[in-house]
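File shown: model-v5.cif (mmCIF, C-alpha atoms).
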```
data_start
loop_
_atom_site.label_atom_id
_atom_site.label_comp_id
_atom_site.auth_asym_id
_atom_site.auth_seq_id
_atom_site.Cartn_x
_atom_site.Cartn_y
_atom_site.Cartn_z
CA ASN A 91 0.95 22.10 11.40
CA TYR A 92 -0.11 22.90 7.86
CA LEU A 93 -1.83 25.62 5.85
CA ILE A 94 -3.35 25.26 2.35
CA VAL A 95 -4.70 28.23 0.38
CA ASP A 96 -6.62 27.42 -2.83
CA LYS A 97 -7.80 30.40 -4.88
CA ASP A 98 -9.45 30.65 -8.33
CA TYR A 99 -9.45 33.70 -10.62
CA ASN A 100 -11.69 33.96 -13.69
CA ILE A 101 -9.51 35.39 -16.48
CA SER A 102 -12.45 35.12 -18.89
CA ASP A 103 -15.53 32.99 -19.46
CA ASN A 104 -13.28 30.33 -20.99
CA VAL A 105 -10.05 30.56 -18.94
CA LEU A 106 -9.45 30.00 -15.22
CA LEU A 107 -6.31 30.72 -13.17
CA ARG A 108 -5.87 28.63 -10.03
CA SER A 109 -3.31 29.17 -7.27
CA ILE A 110 -2.54 26.46 -4.69
CA THR A 111 -0.23 27.42 -1.82
CA SER A 112 0.85 25.00 0.89
CA TYR A 113 3.00 25.42 4.01
CA GLN A 114 3.71 22.68 6.55
CA THR A 115 5.91 22.15 9.60
CA ASN A 116 6.55 18.97 11.52
CA ASN A 117 8.48 18.14 14.69
CA ASN A 118 9.14 14.57 15.71
CA GLU A 119 11.01 13.49 18.84
CA ILE A 120 11.59 9.86 19.81
CA LEU A 121 13.21 8.51 22.98
CA VAL A 122 13.86 4.75 23.02
CA ASP A 123 15.49 2.30 25.45
CA ALA A 124 17.08 0.27 22.66
CA ASP A 125 19.17 -2.43 24.37
CA GLY A 126 16.27 -4.88 24.89
CA SER A 127 16.90 -5.41 28.59
CA GLU A 128 15.66 -4.08 31.93
CA LEU A 129 18.86 -2.06 32.29
CA SER A 130 19.46 1.32 30.71
CA LEU A 131 22.45 0.27 28.59
CA GLU A 132 21.58 2.01 25.32
CA THR A 133 19.27 5.02 25.04
CA ARG A 134 18.46 6.61 21.70
CA ASN A 135 17.06 10.10 21.20
CA ARG A 136 16.06 11.37 17.75
CA ASP A 137 14.78 14.93 17.21
CA THR A 138 13.74 15.89 13.67
CA ASN A 139 12.31 19.17 12.41
CA ALA A 140 10.92 19.65 8.90
CA GLU A 141 9.53 22.67 7.06
CA GLN A 142 8.15 22.62 3.52
CA TYR A 143 6.57 25.12 1.15
CA SER A 144 4.97 24.59 -2.25
CA GLN A 145 3.32 26.83 -4.81
CA GLU A 146 1.41 25.71 -7.91
CA PHE A 147 -0.25 27.76 -10.65
CA ASN A 148 -2.74 26.27 -13.13
CA LEU A 149 -4.07 28.04 -16.20
CA MET A 150 -6.94 25.96 -17.59
CA SER A 151 -9.95 25.92 -19.85
CA GLN A 152 -13.42 26.12 -18.28
CA ASP A 153 -15.85 25.60 -21.13
CA ASP A 154 -17.52 22.69 -22.92
CA ALA A 155 -15.23 22.69 -25.98
CA GLN A 156 -13.96 19.43 -27.45
CA LEU A 157 -10.42 20.39 -26.44
CA GLN A 158 -9.79 20.79 -22.72
CA TRP A 159 -6.34 21.99 -21.63
CA ILE A 160 -4.24 22.90 -18.61
CA LEU A 161 -0.85 24.62 -18.27
CA GLY A 162 0.98 24.68 -14.97
CA ALA A 163 4.08 25.56 -12.98
CA TYR A 164 5.17 24.14 -9.62
CA LEU A 165 7.87 24.91 -7.06
CA TYR A 166 8.75 23.13 -3.83
CA ASN A 167 11.24 23.69 -1.00
CA GLU A 168 11.86 21.47 2.00
CA LYS A 169 14.33 21.87 4.88
CA ILE A 170 15.00 19.11 7.42
CA SER A 171 17.27 19.22 10.46
CA GLY A 172 17.87 16.35 12.82
CA ASP A 173 19.86 15.24 15.83
CA PHE A 174 20.37 11.54 16.49
CA GLU A 175 22.04 10.67 19.79
CA THR A 176 22.84 7.33 21.41
CA PHE A 177 23.89 7.20 25.07
CA PHE A 178 25.80 4.40 26.85
CA PRO A 179 26.84 4.21 30.53
CA PRO A 180 30.52 4.58 31.63
CA GLY A 181 33.03 1.83 30.92
CA GLN A 182 32.08 1.18 27.29
CA VAL A 183 35.40 2.32 25.74
CA PRO A 184 37.77 -0.68 25.24
CA LEU A 185 40.47 -0.61 27.91
CA ASP A 186 43.24 -0.89 25.32
CA THR A 187 42.09 2.34 23.59
CA GLN A 188 44.83 4.98 23.80
CA LEU A 189 43.21 7.86 25.66
CA PRO A 190 44.78 11.21 26.72
CA PRO A 191 46.52 11.41 30.10
CA GLY A 192 44.06 11.66 32.96
CA ALA A 193 41.16 10.08 31.07
CA VAL A 194 38.98 7.65 33.00
CA PRO A 195 39.73 4.03 31.92
CA GLY A 196 36.76 2.72 30.00
CA GLY A 197 35.39 6.22 29.50
CA GLY A 198 32.89 8.24 31.45
CA GLY A 199 29.96 7.46 29.21
CA LEU A 200 29.45 7.25 25.46
CA ARG A 201 27.50 9.74 23.43
CA ALA A 202 27.16 8.92 19.73
CA LEU A 203 25.92 12.10 18.06
CA ARG A 204 24.95 12.81 14.47
CA ASP A 205 23.75 16.25 13.41
CA MET A 206 22.18 16.49 9.93
CA GLN A 207 20.89 19.25 7.63
CA HIS A 208 19.00 18.52 4.40
CA GLU A 209 17.41 20.76 1.77
CA THR A 210 15.41 19.98 -1.38
CA ASP A 211 14.44 22.36 -4.19
CA SER A 212 12.16 21.20 -7.01
CA TYR A 213 10.68 23.07 -9.96
CA ALA A 214 8.44 21.86 -12.78
CA ILE A 215 6.36 23.02 -15.74
CA PHE A 216 3.61 20.86 -17.23
CA ALA A 217 0.79 20.73 -19.76
CA GLN A 218 -2.13 18.42 -20.52
CA LEU A 219 -4.59 18.24 -23.42
CA THR A 220 -7.81 16.20 -23.54
CA TYR A 221 -9.71 15.91 -26.81
CA GLY A 222 -13.21 14.50 -27.08
CA PHE A 223 -13.58 12.83 -30.47
CA SER A 224 -17.22 12.07 -29.62
CA ASP A 225 -19.49 11.75 -26.61
CA ARG A 226 -17.98 8.29 -26.08
CA LEU A 227 -14.31 8.52 -27.09
CA SER A 228 -11.61 10.82 -25.66
CA ALA A 229 -7.81 10.91 -25.52
CA THR A 230 -5.39 12.68 -23.17
CA LEU A 231 -1.74 13.68 -23.62
CA GLY A 232 0.36 15.18 -20.84
CA ALA A 233 4.00 16.18 -20.36
CA ARG A 234 6.09 17.55 -17.49
CA TYR A 235 9.68 18.73 -17.08
CA THR A 236 11.17 18.64 -13.59
CA TRP A 237 14.35 20.11 -12.08
CA ASP A 238 15.50 18.77 -8.69
CA GLU A 239 18.39 19.76 -6.44
CA LYS A 240 19.32 18.20 -3.09
CA TYR A 241 21.86 19.16 -0.44
CA ASN A 242 22.87 17.05 2.57
CA TYR A 243 25.28 18.05 5.36
CA ARG A 244 26.37 16.16 8.47
CA SER A 245 28.45 18.26 10.85
CA THR A 246 29.68 15.55 13.20
CA GLY A 247 29.05 12.07 14.51
CA GLY A 248 30.17 9.14 16.63
CA GLN A 249 31.66 10.82 19.69
CA VAL A 250 32.58 9.31 23.05
CA ASP A 251 32.28 11.91 25.81
CA LEU A 252 34.71 11.16 28.65
CA THR A 253 34.36 12.59 32.14
CA ASN A 254 37.34 14.89 31.59
CA GLY A 255 35.83 16.34 28.41
CA TYR A 256 37.97 14.50 25.87
CA LEU A 257 36.35 12.96 22.83
CA ALA A 258 37.14 9.61 21.25
CA VAL A 259 35.70 7.71 18.30
CA GLY A 260 37.15 4.26 19.06
CA ARG A 261 39.91 2.38 17.24
CA GLY A 262 42.36 4.54 19.20
CA ALA A 263 41.32 7.74 17.36
CA ILE A 264 40.74 10.90 19.37
CA GLY A 265 38.23 13.57 18.34
CA PRO A 266 34.84 13.81 16.61
CA PHE A 267 33.99 12.47 13.17
CA ALA A 268 34.80 14.81 10.30
CA PRO A 269 31.93 16.69 8.61
CA SER A 270 30.65 15.49 5.24
CA VAL A 271 28.58 17.09 2.52
CA GLY A 272 26.72 16.07 -0.63
CA LYS A 273 25.06 18.16 -3.33
CA GLU A 274 23.55 16.99 -6.63
CA SER A 275 20.91 18.01 -9.18
CA TRP A 276 18.81 16.14 -11.74
CA GLN A 277 16.33 17.02 -14.48
CA GLU A 278 14.00 14.81 -16.46
CA PRO A 279 10.99 14.95 -18.81
CA THR A 280 8.01 12.73 -18.02
CA TYR A 281 4.88 12.10 -20.06
CA ARG A 282 1.61 10.21 -20.24
CA GLY A 283 -0.96 9.27 -22.87
CA SER A 284 -4.38 7.66 -22.33
CA VAL A 285 -7.55 6.84 -24.19
CA SER A 286 -11.02 5.99 -22.83
CA TYR A 287 -14.25 4.81 -24.40
CA ASN A 288 -17.74 4.74 -22.86
CA PHE A 289 -19.82 1.86 -24.21
CA THR A 290 -22.71 3.28 -22.19
CA ASP A 291 -23.08 5.98 -19.56
CA ASP A 292 -22.23 3.33 -16.95
CA ASN A 293 -19.47 1.30 -18.65
CA LEU A 294 -16.02 2.57 -19.57
CA ILE A 295 -12.77 1.01 -20.77
CA PHE A 296 -9.39 2.76 -20.73
CA ALA A 297 -5.72 2.27 -21.52
CA SER A 298 -2.67 4.39 -20.66
CA TYR A 299 1.09 4.55 -21.07
CA SER A 300 3.34 6.74 -18.93
CA HIS A 301 7.01 7.42 -18.27
CA GLY A 302 7.72 8.43 -14.67
CA TYR A 303 10.71 9.70 -12.72
CA LYS A 304 11.69 9.96 -9.04
CA SER A 305 14.71 12.11 -8.18
CA GLY A 306 17.88 10.75 -6.61
CA GLY A 307 19.05 11.88 -3.21
CA PHE A 308 21.20 11.37 -0.13
CA ASP A 309 20.58 9.12 2.86
CA PHE A 310 19.79 11.46 5.74
CA ASN A 311 21.47 9.37 8.45
CA GLY A 312 23.79 7.06 6.52
CA GLY A 313 24.83 6.47 2.95
CA ALA A 314 28.00 5.96 0.98
CA PHE A 315 31.15 8.11 0.57
CA GLU A 316 33.56 8.70 -2.27
CA GLU A 317 36.66 6.51 -2.29
CA GLY A 318 38.91 7.36 0.64
CA GLY A 319 36.08 8.80 2.73
CA SER A 320 34.11 7.25 5.58
CA ASN A 321 31.90 8.08 8.54
CA ILE A 322 35.07 8.81 10.54
CA ASP A 323 37.10 10.68 7.91
CA GLY A 324 34.20 12.55 6.30
CA GLY A 325 34.41 13.60 2.66
CA ALA A 326 31.91 13.82 -0.19
CA GLN A 327 28.70 11.82 0.17
CA ILE A 328 27.63 9.75 -2.84
CA PRO A 329 23.97 10.22 -3.91
CA TYR A 330 21.77 7.36 -5.00
CA ASP A 331 20.47 7.66 -8.56
CA PRO A 332 17.00 8.62 -9.80
CA GLU A 333 14.58 5.83 -10.65
CA PHE A 334 12.52 5.61 -13.84
CA VAL A 335 9.41 3.64 -14.71
CA ASN A 336 7.51 2.84 -17.88
CA ALA A 337 3.94 1.89 -16.98
CA ILE A 338 1.09 0.39 -19.00
CA GLU A 339 -2.43 0.11 -17.58
CA ILE A 340 -5.68 -1.18 -19.07
CA GLY A 341 -8.98 -1.47 -17.28
CA SER A 342 -12.71 -1.09 -17.08
CA LYS A 343 -15.00 0.88 -14.74
CA ASN A 344 -18.63 -0.16 -14.49
CA THR A 345 -21.84 0.44 -12.58
CA PHE A 346 -24.95 -1.74 -12.77
CA PHE A 347 -28.52 -1.91 -11.47
CA ASP A 348 -29.16 1.79 -11.07
CA ASN A 349 -25.68 2.45 -9.59
CA ARG A 350 -26.20 -0.08 -6.81
CA VAL A 351 -23.31 -2.25 -8.00
CA ARG A 352 -19.86 -0.97 -8.90
CA LEU A 353 -17.16 -3.19 -10.43
CA ASN A 354 -13.73 -1.91 -11.52
CA ILE A 355 -10.81 -3.97 -12.81
CA THR A 356 -7.30 -2.84 -13.78
CA ALA A 357 -4.34 -4.79 -15.15
CA PHE A 358 -0.88 -3.22 -15.23
CA THR A 359 2.79 -3.75 -15.90
CA TYR A 360 5.59 -1.51 -14.59
CA ASP A 361 9.20 -1.73 -15.79
CA TYR A 362 11.62 0.04 -13.46
CA GLU A 363 15.16 1.21 -14.17
CA ASP A 364 17.40 1.99 -11.16
CA LEU A 365 14.62 1.28 -8.66
CA GLN A 366 15.50 2.81 -5.28
CA VAL A 367 15.82 0.09 -2.61
CA PHE A 368 16.26 0.87 1.09
CA ARG A 369 18.63 -1.30 3.17
CA LEU A 370 19.87 -1.28 6.77
CA THR A 371 23.64 -1.80 6.97
CA GLY A 372 26.40 -1.63 9.57
CA ASP A 373 27.16 1.89 8.30
CA GLY A 374 23.56 3.01 8.78
CA PRO A 375 20.60 3.34 6.39
CA LEU A 376 21.54 2.99 2.73
CA THR A 377 19.57 3.38 -0.50
CA ASP A 378 20.68 1.25 -3.45
CA ASN A 379 19.59 1.29 -7.08
CA ALA A 380 18.41 -2.02 -8.50
CA ALA A 381 19.42 -1.95 -12.19
CA SER A 382 16.02 -3.21 -13.38
CA SER A 383 12.82 -4.50 -11.81
CA SER A 384 9.40 -5.45 -13.13
CA ILE A 385 5.92 -5.52 -11.64
CA LYS A 386 2.83 -7.12 -13.15
CA GLY A 387 -0.56 -7.31 -11.50
CA VAL A 388 -4.31 -7.00 -11.49
CA GLU A 389 -6.66 -5.17 -9.11
CA LEU A 390 -10.42 -5.58 -8.59
CA GLU A 391 -12.69 -3.22 -6.68
CA SER A 392 -16.40 -3.72 -6.04
CA LYS A 393 -19.26 -2.25 -4.03
CA TYR A 394 -22.82 -3.49 -3.62
CA ALA A 395 -25.58 -1.36 -2.07
CA ILE A 396 -27.95 -4.05 -0.79
CA THR A 397 -30.37 -1.42 0.53
CA ASP A 398 -30.25 2.36 0.92
CA ASN A 399 -28.63 1.80 4.32
CA LEU A 400 -26.58 -1.39 3.93
CA GLU A 401 -23.61 -1.84 1.58
CA ILE A 402 -20.70 -4.24 1.10
CA ASP A 403 -17.36 -3.39 -0.54
CA ALA A 404 -14.42 -5.63 -1.42
CA THR A 405 -10.99 -5.39 -3.08
CA TYR A 406 -8.52 -7.96 -4.36
CA ALA A 407 -5.05 -7.55 -5.86
CA ARG A 408 -2.54 -10.01 -7.27
CA LEU A 409 1.07 -8.95 -7.77
CA ASP A 410 4.19 -10.40 -9.38
CA ALA A 411 7.10 -8.10 -8.48
CA THR A 412 10.74 -9.15 -8.89
CA TYR A 413 14.24 -7.74 -9.19
CA ASP A 414 15.50 -8.49 -12.69
CA GLU A 415 19.02 -7.14 -12.02
CA TYR A 416 20.21 -6.20 -8.53
CA ILE A 417 23.75 -6.78 -7.24
CA VAL A 418 24.93 -5.51 -3.84
CA GLU A 419 28.69 -5.27 -3.34
CA ARG A 420 28.80 -4.36 0.37
CA PRO A 421 29.44 -5.86 2.86
CA THR A 422 29.66 -9.00 0.69
CA LEU A 423 28.73 -9.57 -2.95
CA GLN A 424 25.06 -10.57 -3.25
CA ASP A 425 22.93 -11.13 -6.36
CA TYR A 426 19.21 -10.61 -5.72
CA ALA A 427 17.99 -11.14 -9.30
CA GLY A 428 14.71 -13.06 -9.31
CA ARG A 429 13.80 -12.21 -5.72
CA THR A 430 10.58 -10.51 -4.70
CA LEU A 431 10.61 -6.73 -4.22
CA ASN A 432 10.45 -5.28 -0.73
CA TYR A 433 6.96 -4.30 0.47
CA ALA A 434 5.29 -6.18 -2.42
CA PRO A 435 2.98 -8.97 -1.18
CA GLU A 436 1.72 -11.36 -3.84
CA MET A 437 -1.87 -10.96 -2.63
CA THR A 438 -3.94 -8.38 -0.77
CA ALA A 439 -7.67 -8.50 -0.12
CA SER A 440 -10.23 -6.61 1.93
CA LEU A 441 -13.92 -6.83 2.81
CA GLY A 442 -16.05 -4.14 4.39
CA ILE A 443 -19.67 -4.03 5.60
CA GLN A 444 -21.33 -0.71 6.43
CA TYR A 445 -24.75 0.14 7.85
CA THR A 446 -26.03 3.72 8.08
CA MET A 447 -28.69 4.59 10.68
CA PRO A 448 -30.44 7.95 10.13
CA MET A 449 -30.64 9.97 13.38
CA ASP A 450 -32.33 13.22 14.33
CA GLN A 451 -29.04 15.16 14.15
CA GLY A 452 -27.15 13.22 11.49
CA ASP A 453 -26.27 9.63 10.62
CA LEU A 454 -24.79 6.89 12.79
CA VAL A 455 -22.49 4.73 10.67
CA LEU A 456 -21.59 1.21 11.80
CA ARG A 457 -18.73 -0.39 9.87
CA MET A 458 -16.64 -3.55 10.01
CA ASP A 459 -13.46 -4.14 7.96
CA MET A 460 -11.38 -7.24 7.36
CA SER A 461 -8.16 -7.48 5.37
CA ARG A 462 -5.52 -10.01 4.44
CA LYS A 463 -2.02 -9.53 3.08
CA GLY A 464 0.39 -12.11 1.74
CA LYS A 465 4.00 -12.65 2.76
CA THR A 466 6.00 -9.41 2.64
CA TYR A 467 9.76 -8.85 2.55
CA PHE A 468 10.98 -5.73 4.38
CA ASP A 469 14.68 -6.11 3.61
CA ARG A 470 16.83 -8.07 1.18
#
```

Let me see whether you can do it: turn the structure in this file into structure tokens.
Amino acid sequence: NYLIVDKDYNISDNVLLRSITSYQTNNNEILVDADGSELSLETRNRDTNAEQYSQEFNLMSQDDAQLQWILGAYLYNEKISGDFETFFPPGQVPLDTQLPPGAVPGGGGLRALRDMQHETDSYAIFAQLTYGFSDRLSATLGARYTWDEKYNYRSTGGQVDLTNGYLAVGRGAIGPFAPSVGKESWQEPTYRGSVSYNFTDDNLIFASYSHGYKSGGFDFNGGAFEEGGSNIDGGAQIPYDPEFVNAIEIGSKNTFFDNRVRLNITAFTYDYEDLQVFRLTGDGPLTDNAASSSIKGVELESKYAITDNLEIDATYARLDATYDEYIVERPTLQDYAGRTLNYAPEMTASLGIQYTMPMDQGDLVLRMDMSRKGKTYFDR
């Protein structure tokens, strides 16, 4: 469920105030028979509830002056709660586990429970200026300062529910996992500069440089602990670090033959510091930071209107994305330098054909799409 309210207020003939309010809720429940057999040996139930609110204010110019500007403020709050349970039938506790007197040997059924609470607060102020040196040449400068704070709490986890009501966590230990908590904040300036030039009304070239930032955080259902802590003992959760990127893009946007043909091309290079990398481990989901990574690529986009009713569109992208420095210490030391980034295929391409048939009460659109993606790594 979501609600978006967008409202404009004319401060004067030259200044506009815009308010954008958003509220969204989401509930997701998943029940899975996870043991891969015809028997019900492992059942997983995940129930997640999320609520988020955002408010943005823009104060901007609304005239034809050479200098166009925008000032803004943004705030965001998100709350997530989740229960993750795994059920096993009786007899799953090792027989040599020291259980309380009267407990059923092997246990009366296992219930691994993890209860999580997560909250994010983010605030930002920003500004952007665009100056038209002529009808053909313009330049844009923008800056933003962001404050982020994240809180993660897990109240329990990993319990074995015996028929007599006792709880065990294996390894001979009795009782539920200890609670754990993590809280951290970050702040960072980001900025962007670009320039564009129109050779004609239908042909444009552009170049841009930007410094970006993505806040750190805590793994909702896993993660690392400070020394001496663990899933069993609890303690302070260790956040993963923010990631930073310096990006350069150059490109051209063009239309030909009375706007019947469109051809856009962009080349780019991204240099990442502390890129956030998701891994699945024996201790649950874990986000690492790769010390440095680089991405270089080119993208082409085209569309050809053969007739007023028939058009063809196509895209093609080539990507070279590697970890420059990335060492994982757990569970064993691994050096992934030189390997391809996760979710970064070397090639992607698509082709679409669309025919529009005018009807008495609207248009009937017939469309066919084809796509191809190169080899993709999902985990290291």

(message) What would the selection look like, as a list in words, if the PyMOL selection byres ((chain A and resi 228-235) around 6) were run on the coordinates I just shared?
(response)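 Listing what the PyMOL selection byres ((chain A and resi 228-235) around 6) selects in the shown file: Ala214, Ile215, Phe216, Ala217, Gln218, Leu219, Thr220, Tyr221, Gly222, Phe223, Leu227, Thr236, Glu278, Pro279, Thr280, Tyr281, Arg282, Gly283, Ser284, Val285 and Ser286 of chain A.
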
(request) Name the residues that the PyMOL selection byres ((chain A and resi 297) around 10) pulls out of this structure, and write them as a PyMOL selection string. (result) chain A and resi 229+283-287+295-296+298-299+338-342+356-358

(message) Residue by residue, what does the PyMOL selection byres ((chain A and resi 437) around 12) grab here? Present the result as a PyMOL selection string.
(response) chain A and resi 387-390+405-411+433-436+438-440+461-466

(request) For atom CA of Phe289 of chain A and atom CA of Gln152 of chain A, quote the distance in Å rounded to one decimal. (result)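 These atoms are spaced 25.8 Å apart.
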
(request) Extract, using only C-alpha atoms, all DNA, RNA and protein residues at most 8 Å from Val455 of chain A, discarding same-chain residues fewer than 6 positions from it, and format them as a list in words. (result)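 Here the answer would be Gln444, Tyr445, Thr446 and Met447 of chain A.
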
(message) Could you check the closest approach to Ala427 of chain A for each of A:Ala380, A:Leu203, A:Leu165, A:Leu400 and tell me which residue wins, using all atoms listed in the file?
(response)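 Distance minimum relative to Ala427 of chain A lands on A:Ala380.
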
(message) At a cut-off of 10 Å, using all atoms listed in the file, what residues contact Ile110 of chain A? Leave out same-chain residues fewer than 6 positions from it and give the result as a PyMOL selection string.
(response) chain A and resi 94-98+144-148+164

(request) Go ahead and compute the interatomic distance for atom CA of Gly452 of chain A and atom CA of Arg352 of chain A, in Å to one decimal. (result)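 Atom CA of Gly452 of chain A sits 25.9 Å away from atom CA of Arg352 of chain A.
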
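Between atom CA of Leu456 of chain A and atom CA of Ala395 of chain A there is a distance of 14.7 Å.
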